[in-house]
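**Student:** One file is attached below, target_15.csv, containing CSV, C-alpha atoms.
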```csv
chain,number,residue,atom,x,y,z
A,8,MET,CA,-34.1,37.4,-56.1
A,9,PRO,CA,-35.4,35.5,-59.2
A,10,ARG,CA,-39.0,34.4,-59.1
A,11,LEU,CA,-38.2,30.7,-59.5
A,12,THR,CA,-35.7,30.9,-56.7
A,13,ARG,CA,-38.3,32.5,-54.4
A,14,ILE,CA,-40.8,29.7,-55.3
A,15,LEU,CA,-38.3,27.0,-54.6
A,16,LEU,CA,-37.4,28.5,-51.2
A,17,ALA,CA,-41.1,28.8,-50.4
A,18,LEU,CA,-41.6,25.1,-51.3
A,19,LEU,CA,-38.6,24.2,-49.1
A,20,VAL,CA,-40.0,26.1,-46.2
A,21,LEU,CA,-43.3,24.5,-46.7
A,22,LEU,CA,-41.8,21.0,-46.8
A,23,LEU,CA,-39.7,21.7,-43.7
A,24,GLY,CA,-42.8,22.9,-42.0
A,25,PHE,CA,-44.6,19.6,-42.7
A,26,GLY,CA,-41.5,17.8,-41.3
A,27,PHE,CA,-41.6,19.8,-38.1
A,28,ALA,CA,-45.3,19.2,-37.8
A,29,GLN,CA,-44.8,15.5,-37.3
A,30,THR,CA,-45.5,13.9,-33.9
A,31,VAL,CA,-42.1,12.8,-32.6
A,32,ILE,CA,-42.1,9.8,-30.2
A,33,GLY,CA,-38.8,9.1,-28.4
A,34,VAL,CA,-38.0,5.5,-27.4
A,35,SER,CA,-35.4,5.1,-24.7
A,36,ILE,CA,-34.3,1.5,-23.9
A,37,PRO,CA,-31.3,-0.4,-22.5
A,38,ALA,CA,-28.6,-1.4,-24.9
A,39,ALA,CA,-28.5,-5.1,-25.9
A,40,THR,CA,-26.4,-6.2,-23.0
A,41,HIS,CA,-28.0,-9.7,-22.8
A,42,GLY,CA,-30.4,-11.8,-24.7
A,43,TRP,CA,-33.7,-10.2,-23.5
A,44,THR,CA,-32.7,-6.6,-24.1
A,45,GLY,CA,-31.3,-7.7,-27.4
A,46,GLY,CA,-34.8,-8.8,-28.2
A,47,VAL,CA,-36.2,-5.5,-26.9
A,48,ASN,CA,-33.9,-3.6,-29.3
A,49,TRP,CA,-35.0,-5.8,-32.3
A,50,TRP,CA,-38.7,-5.4,-31.6
A,51,ALA,CA,-38.3,-1.6,-31.1
A,52,ALA,CA,-36.6,-1.3,-34.5
A,53,GLU,CA,-39.3,-3.5,-36.1
A,54,ALA,CA,-42.1,-1.5,-34.6
A,55,LYS,CA,-40.5,1.8,-35.6
A,56,GLU,CA,-40.4,0.7,-39.3
A,57,ARG,CA,-43.9,-0.7,-39.3
A,58,LEU,CA,-45.6,2.2,-37.4
A,59,GLU,CA,-43.8,5.0,-39.4
A,60,ALA,CA,-45.0,3.2,-42.6
A,61,THR,CA,-48.6,3.0,-41.2
A,62,TYR,CA,-48.8,6.5,-39.8
A,63,PRO,CA,-46.8,9.0,-41.9
A,64,GLY,CA,-47.4,11.7,-39.4
A,65,LEU,CA,-45.4,9.9,-36.7
A,66,GLN,CA,-41.7,9.8,-36.3
A,67,PHE,CA,-39.9,7.5,-33.8
A,68,VAL,CA,-36.4,8.2,-32.4
A,69,ILE,CA,-34.8,5.3,-30.7
A,70,SER,CA,-31.9,5.7,-28.2
A,71,THR,CA,-30.1,2.9,-26.3
A,72,ALA,CA,-28.1,3.3,-23.1
A,73,SER,CA,-25.6,1.1,-21.3
A,74,GLY,CA,-26.5,2.4,-17.9
A,75,PRO,CA,-28.9,4.6,-16.0
A,76,SER,CA,-26.8,7.8,-16.2
A,77,GLU,CA,-26.4,7.5,-19.9
A,78,GLN,CA,-30.2,6.9,-20.2
A,79,ALA,CA,-30.9,10.0,-18.2
A,80,ASN,CA,-28.7,12.0,-20.5
A,81,ASP,CA,-30.5,10.5,-23.5
A,82,LEU,CA,-33.7,11.9,-22.2
A,83,GLU,CA,-32.3,15.4,-22.2
A,84,ASP,CA,-31.2,14.9,-25.8
A,85,LEU,CA,-34.6,13.6,-26.8
A,86,ILE,CA,-36.2,16.8,-25.4
A,87,ALA,CA,-33.6,19.4,-26.5
A,88,ILE,CA,-32.6,18.0,-30.0
A,89,HIS,CA,-35.6,16.0,-31.1
A,90,GLN,CA,-38.3,17.9,-29.3
A,91,ILE,CA,-40.3,14.8,-28.6
A,92,ASP,CA,-44.1,14.8,-28.0
A,93,ALA,CA,-44.1,11.4,-26.3
A,94,LEU,CA,-41.6,9.2,-24.5
A,95,VAL,CA,-41.7,5.4,-24.4
A,96,ILE,CA,-39.1,4.3,-21.8
A,97,LEU,CA,-37.9,1.0,-20.4
A,98,PRO,CA,-35.9,2.2,-17.4
A,99,PHE,CA,-32.5,0.7,-17.0
A,100,GLU,CA,-33.1,1.0,-13.3
A,101,SER,CA,-36.2,2.4,-11.5
A,102,ASP,CA,-34.7,4.8,-8.9
A,103,PRO,CA,-32.2,6.7,-11.0
A,104,LEU,CA,-34.7,7.3,-13.8
A,105,THR,CA,-37.6,8.4,-11.8
A,106,GLU,CA,-36.8,12.1,-11.5
A,107,PRO,CA,-35.5,12.4,-15.1
A,108,VAL,CA,-38.7,10.9,-16.4
A,109,ALA,CA,-40.7,13.2,-14.1
A,110,SER,CA,-38.9,16.2,-15.5
A,111,VAL,CA,-39.8,15.0,-19.1
A,112,LYS,CA,-43.4,14.7,-18.0
A,113,ASP,CA,-43.4,18.2,-16.5
A,114,ARG,CA,-42.6,19.6,-19.9
A,115,GLY,CA,-45.9,18.3,-21.2
A,116,VAL,CA,-44.6,15.1,-22.9
A,117,PHE,CA,-46.9,12.0,-23.0
A,118,VAL,CA,-45.0,9.3,-21.0
A,119,THR,CA,-45.3,5.5,-21.4
A,120,VAL,CA,-43.2,3.4,-19.0
A,121,VAL,CA,-42.4,-0.2,-20.0
A,122,ASP,CA,-41.6,-3.2,-17.8
A,123,ARG,CA,-39.8,-1.7,-14.8
A,124,GLY,CA,-41.9,0.8,-13.0
A,125,LEU,CA,-40.7,4.1,-11.6
A,126,ALA,CA,-40.0,4.6,-7.9
A,127,ARG,CA,-42.8,7.2,-7.6
A,128,GLU,CA,-46.4,6.5,-8.8
A,129,GLY,CA,-48.4,8.8,-11.0
A,130,ILE,CA,-45.8,10.1,-13.3
A,131,GLU,CA,-46.6,8.1,-16.5
A,132,ASP,CA,-49.7,8.2,-18.6
A,133,LEU,CA,-49.3,4.5,-19.6
A,134,HIS,CA,-47.6,1.5,-18.1
A,135,VAL,CA,-47.0,-1.6,-20.2
A,136,ALA,CA,-45.5,-4.6,-18.5
A,137,GLY,CA,-45.3,-8.3,-18.3
A,138,ASN,CA,-47.0,-10.2,-15.6
A,139,ASN,CA,-44.3,-11.1,-13.2
A,140,PRO,CA,-46.4,-12.8,-10.5
A,141,ALA,CA,-48.0,-14.9,-13.3
A,142,LEU,CA,-44.6,-16.0,-14.6
A,143,GLY,CA,-43.7,-17.3,-11.1
A,144,ARG,CA,-47.1,-18.9,-10.6
A,145,VAL,CA,-47.3,-20.6,-14.0
A,146,SER,CA,-43.8,-22.0,-13.5
A,147,GLY,CA,-44.6,-23.3,-10.1
A,148,GLU,CA,-47.9,-24.9,-11.2
A,149,TYR,CA,-46.1,-26.8,-14.1
A,150,ILE,CA,-43.3,-28.0,-11.9
A,151,SER,CA,-45.7,-29.1,-9.1
A,152,GLU,CA,-48.0,-31.0,-11.6
A,153,ARG,CA,-45.1,-32.6,-13.4
A,154,LEU,CA,-43.5,-33.8,-10.2
A,155,GLY,CA,-46.8,-34.9,-8.7
A,156,GLY,CA,-46.3,-32.5,-5.8
A,157,GLU,CA,-43.1,-34.3,-4.6
A,158,GLY,CA,-39.4,-34.1,-5.2
A,159,ASN,CA,-36.3,-31.9,-5.0
A,160,ILE,CA,-35.8,-28.7,-6.9
A,161,VAL,CA,-33.3,-25.8,-7.1
A,162,VAL,CA,-34.1,-22.2,-8.0
A,163,LEU,CA,-31.9,-19.7,-9.8
A,164,ARG,CA,-33.2,-16.1,-9.2
A,165,GLY,CA,-32.5,-13.0,-11.2
A,166,ILE,CA,-31.2,-9.9,-9.5
A,167,PRO,CA,-32.5,-8.3,-6.2
A,168,THR,CA,-35.4,-6.3,-7.7
A,169,VAL,CA,-39.1,-6.0,-7.2
A,170,ILE,CA,-39.6,-7.9,-10.4
A,171,ASP,CA,-37.6,-10.9,-9.1
A,172,ASN,CA,-39.4,-10.7,-5.7
A,173,GLU,CA,-42.8,-10.8,-7.4
A,174,ARG,CA,-41.8,-13.9,-9.5
A,175,VAL,CA,-40.3,-15.8,-6.6
A,176,GLU,CA,-43.1,-15.0,-4.1
A,177,ALA,CA,-45.7,-16.2,-6.5
A,178,PHE,CA,-43.7,-19.3,-7.4
A,179,MET,CA,-43.2,-20.2,-3.7
A,180,GLU,CA,-46.9,-19.7,-2.9
A,181,VAL,CA,-47.5,-22.7,-5.2
A,182,ILE,CA,-44.6,-24.8,-4.1
A,183,ASP,CA,-45.4,-24.3,-0.4
A,184,GLN,CA,-48.7,-26.1,-0.9
A,185,THR,CA,-46.8,-29.2,-2.0
A,186,ASN,CA,-44.3,-31.6,-0.6
A,187,ILE,CA,-41.6,-30.4,-3.0
A,188,ASN,CA,-38.3,-29.5,-1.3
A,189,VAL,CA,-36.4,-26.5,-2.5
A,190,LEU,CA,-32.8,-27.6,-1.9
A,191,ASP,CA,-31.4,-24.1,-2.4
A,192,MET,CA,-32.2,-20.7,-4.1
A,193,ARG,CA,-29.5,-18.4,-5.3
A,194,TYR,CA,-29.2,-15.3,-7.5
A,195,ALA,CA,-27.9,-15.8,-11.0
A,196,ASN,CA,-28.3,-12.2,-12.2
A,197,TRP,CA,-30.3,-13.1,-15.4
A,198,ASN,CA,-26.9,-14.1,-16.8
A,199,ARG,CA,-25.9,-17.4,-18.5
A,200,ASP,CA,-22.3,-17.4,-17.1
A,201,ASP,CA,-23.7,-16.9,-13.6
A,202,GLY,CA,-26.3,-19.5,-14.3
A,203,PHE,CA,-23.6,-21.9,-15.3
A,204,GLU,CA,-21.6,-21.3,-12.1
A,205,VAL,CA,-24.6,-21.5,-9.7
A,206,MET,CA,-25.8,-24.7,-11.3
A,207,GLN,CA,-22.3,-26.2,-11.1
A,208,ASP,CA,-22.3,-25.6,-7.4
A,209,PHE,CA,-25.8,-27.1,-7.0
A,210,LEU,CA,-24.7,-30.2,-8.9
A,211,THR,CA,-21.7,-30.6,-6.7
A,212,ARG,CA,-23.8,-30.4,-3.5
A,213,PHE,CA,-27.0,-32.2,-4.4
A,214,PRO,CA,-26.9,-35.7,-5.8
A,215,GLU,CA,-30.7,-35.8,-6.4
A,216,ILE,CA,-32.4,-32.9,-8.3
A,217,ASP,CA,-35.7,-33.5,-10.1
A,218,ALA,CA,-36.2,-30.0,-11.6
A,219,VAL,CA,-34.7,-26.6,-12.0
A,220,TRP,CA,-36.5,-23.3,-12.1
A,221,ALA,CA,-34.2,-21.0,-13.9
A,222,GLN,CA,-36.7,-18.1,-14.1
A,223,ASP,CA,-35.0,-16.6,-17.1
A,224,ASP,CA,-33.8,-18.1,-20.4
A,225,ASP,CA,-30.3,-16.6,-20.2
A,226,ILE,CA,-29.9,-18.3,-16.9
A,227,ALA,CA,-31.4,-21.5,-18.3
A,228,ILE,CA,-28.8,-21.6,-21.1
A,229,GLY,CA,-26.0,-21.6,-18.4
A,230,VAL,CA,-27.9,-24.3,-16.4
A,231,ILE,CA,-28.1,-26.5,-19.5
A,232,GLU,CA,-24.4,-26.1,-20.2
A,233,ALA,CA,-23.6,-27.2,-16.6
A,234,LEU,CA,-25.8,-30.2,-16.9
A,235,GLU,CA,-24.3,-31.2,-20.2
A,236,GLN,CA,-20.7,-30.9,-18.8
A,237,ALA,CA,-21.7,-33.0,-15.7
A,238,GLY,CA,-23.5,-35.6,-17.8
A,239,ARG,CA,-26.7,-35.2,-15.8
A,240,THR,CA,-29.2,-34.0,-18.5
A,241,ASP,CA,-31.3,-37.1,-18.1
A,242,GLU,CA,-31.9,-36.6,-14.3
A,243,MET,CA,-34.1,-33.5,-14.3
A,244,PHE,CA,-35.9,-30.9,-16.4
A,245,VAL,CA,-35.4,-27.1,-16.7
A,246,VAL,CA,-38.1,-24.5,-16.7
A,247,GLY,CA,-36.9,-21.1,-17.9
A,248,GLY,CA,-38.8,-18.0,-18.9
A,249,ALA,CA,-39.2,-15.1,-21.4
A,250,GLY,CA,-39.5,-17.0,-24.7
A,251,MET,CA,-35.9,-17.0,-26.1
A,252,LYS,CA,-36.1,-18.5,-29.6
A,253,GLU,CA,-33.5,-21.2,-28.8
A,254,MET,CA,-35.6,-22.4,-25.9
A,255,ILE,CA,-38.9,-22.2,-27.9
A,256,ALA,CA,-37.2,-24.4,-30.6
A,257,ARG,CA,-36.3,-27.0,-27.9
A,258,VAL,CA,-40.0,-27.0,-26.7
A,259,MET,CA,-41.2,-27.3,-30.3
A,260,GLU,CA,-38.9,-30.3,-30.9
A,261,GLY,CA,-40.1,-32.1,-27.7
A,262,ASP,CA,-36.8,-31.8,-25.8
A,263,GLU,CA,-37.3,-33.6,-22.5
A,264,LEU,CA,-34.7,-31.4,-20.8
A,265,VAL,CA,-36.7,-28.2,-21.8
A,266,PRO,CA,-40.3,-29.4,-21.9
A,267,VAL,CA,-42.0,-26.0,-21.5
A,268,ASN,CA,-41.2,-22.3,-21.3
A,269,VAL,CA,-43.1,-19.3,-19.8
A,270,LEU,CA,-43.6,-16.1,-21.8
A,271,TYR,CA,-42.2,-12.7,-20.7
A,272,PRO,CA,-41.9,-11.1,-24.2
A,273,PRO,CA,-39.4,-8.5,-25.1
A,274,ALA,CA,-42.0,-7.6,-27.8
A,275,MET,CA,-43.7,-5.6,-25.0
A,276,ILE,CA,-41.7,-2.6,-26.2
A,277,ALA,CA,-43.5,-2.9,-29.6
A,278,THR,CA,-46.9,-3.1,-27.8
A,279,ALA,CA,-46.0,0.1,-25.8
A,280,MET,CA,-45.0,1.9,-29.0
A,281,GLU,CA,-48.2,0.9,-30.7
A,282,VAL,CA,-50.5,1.9,-27.9
A,283,THR,CA,-48.6,5.2,-27.5
A,284,ALA,CA,-49.1,5.9,-31.2
A,285,LEU,CA,-52.9,5.4,-30.8
A,286,ASN,CA,-52.9,8.4,-28.4
A,287,PHE,CA,-52.0,10.6,-31.4
A,288,VAL,CA,-53.8,8.9,-34.3
A,289,SER,CA,-57.1,7.9,-32.9
A,290,GLN,CA,-59.8,9.0,-30.4
A,291,VAL,CA,-59.5,5.8,-28.4
A,292,PRO,CA,-58.9,6.4,-24.6
A,293,ILE,CA,-55.6,4.6,-23.8
A,294,LEU,CA,-54.5,5.9,-20.4
A,295,GLY,CA,-53.8,3.3,-17.7
A,296,ARG,CA,-52.0,0.0,-17.3
A,297,TYR,CA,-51.6,-2.8,-19.8
A,298,ILE,CA,-50.3,-6.0,-18.2
A,299,LEU,CA,-49.4,-8.7,-20.7
A,300,ASP,CA,-50.1,-12.4,-19.9
A,301,SER,CA,-47.5,-15.0,-19.2
A,302,PRO,CA,-48.8,-18.2,-20.8
A,303,LEU,CA,-47.2,-21.6,-20.5
A,304,ILE,CA,-45.5,-22.5,-23.8
A,305,THR,CA,-45.8,-26.2,-24.7
A,306,PRO,CA,-45.1,-28.2,-27.8
A,307,GLU,CA,-48.7,-27.7,-28.9
A,308,ASN,CA,-48.5,-23.9,-29.0
A,309,ALA,CA,-44.8,-23.2,-29.2
A,310,ALA,CA,-44.9,-22.3,-33.0
A,311,ASP,CA,-47.1,-19.2,-32.1
A,312,TYR,CA,-44.2,-17.8,-30.0
A,313,TYR,CA,-41.3,-18.7,-32.3
A,314,PHE,CA,-39.7,-15.7,-34.1
A,315,PRO,CA,-36.6,-16.9,-35.9
A,316,ASP,CA,-35.5,-13.4,-37.1
A,317,SER,CA,-35.4,-12.0,-33.6
A,318,PRO,CA,-32.0,-12.2,-31.8
A,319,PHE,CA,-33.7,-13.5,-28.7
```
Kindly transcribe the structure held in the file into structure tokens.

**Tutor:**
Amino acid sequence: MPRLTRILLALLVLLLGFGFAQTVIGVSIPAATHGWTGGVNWWAAEAKERLEATYPGLQFVISTASGPSEQANDLEDLIAIHQIDALVILPFESDPLTEPVASVKDRGVFVTVVDRGLAREGIEDLHVAGNNPALGRVSGEYISERLGGEGNIVVLRGIPTVIDNERVEAFMEVIDQTNINVLDMRYANWNRDDGFEVMQDFLTRFPEIDAVWAQDDDIAIGVIEALEQAGRTDEMFVVGGAGMKEMIARVMEGDELVPVNVLYPPAMIATAMEVTALNFVSQVPILGRYILDSPLITPENAADYYFPDSPF
């Protein structure tokens, strides 16, 4: 073999060796099936680009799944094909993903769980999540103060999950201390079409509604459409949640129908990726739980939470 060829082969092996020496962090998230998860996907891609540029020794591999079974299969691929050193996962559902994530952890992988906790404690090294009780409490406090502790409201819940229960329980702890009457409370599945249908039913049955707690901005979009079709937008106000850019824009503009919002940021996936990266690039202890705040978004601070490039 010619000497030059041997040198080139040696250089190739050396370069490949550097490539394989990179720390690989797998990121497993739900596909963009609705607005909030669309935001999760956007923030994950943004964080990947930024963190790989900041830390050349890190590589992020993002996989998206349309259901829990697909996500469990993705975890096997992240281990077998990409040989990940760390996993950042927002579980599609808690129960079906618990044992697959535990299996990843058993192989010595650093695990960060985002938003929806697993069904068994002690698996993950890190847990990054929004503050669900705070989202409910802050929403309840605003509605109570705005109505002076009196009036009629309706509530549109998410889906039957621990997250939804935490939000509603904290909300009702506030409302139960007032004279506000909850006319009805129904699930709208964090979906704008379901929000539209549920609100249509509420409008048919209740001639006097002072406020709507939609809990989630996808639901709130459906609620607003129902109000517009019924010509009742001037009778009540709507409090959603999560920080969808369309809703934040309404708050910024002083829309009386959408006077405030409560943050539950899809950007938490970027926070989780960043904190996980610190485990490999710094000596800072980062194990534990990181619970993000759920502040009230008002016309005065809305610009701080408006991200026009995000799909959510």

**Student:** Quick one: residues within 8 Å of stretch 149-152 of chain A, only C-alpha atoms, excluding same-chain residues fewer than 3 positions away - as JSON, numbers by chain?

**Tutor:** {"A": [145, 146, 155, 156, 157, 181, 182, 185, 187, 218, 246]}

**Student:** So, counting all atoms listed in the file, which residue among A:Ser289, A:Ser35, A:Ser301, A:Asn186 is closest to A:Glu77?

**Tutor:** A:Ser35

**Student:** Report as a ChimeraX atom specification all protein, DNA and RNA residues lying within 10 Å of A:Ile36, evaluated on all atoms listed in the file, omitting residues in the same chain fewer than 4 positions from it.

**Tutor:** /A:44,47-48,51,69-74,78,81,95-99,121,276

**Student:** Can you tell me, as JSON, numbers by chain, what residues are no more than 8 Å from A:Gly248 when counting all atoms listed in the file, ignoring any on the same chain fewer than 5 positions away?

**Tutor:** {"A": [142, 221, 222, 223, 224, 268, 269, 270, 271]}

**Student:** Pick out the closest residue to A:Arg296 from this set: A:Val161, A:Met192, A:Val135, A:Ile228. Count only C-alpha atoms.

**Tutor:** A:Val135

**Student:** Between atom CA of A:Gly202 and atom CA of A:Asp300, what is the distance in Å, rounded to a tenth?

**Tutor:**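 Those two atoms sit 25.5 Å apart.
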
**Student:** Mind listing as a list of chain:residue names all residues within 9 Å of (-50.1, -5.6, -21.4), counting only C-alpha atoms?

**Tutor:** A:His134, A:Val135, A:Ala136, A:Gly137, A:Asn138, A:Met275, A:Thr278, A:Ala279, A:Arg296, A:Tyr297, A:Ile298, A:Leu299, A:Asp300
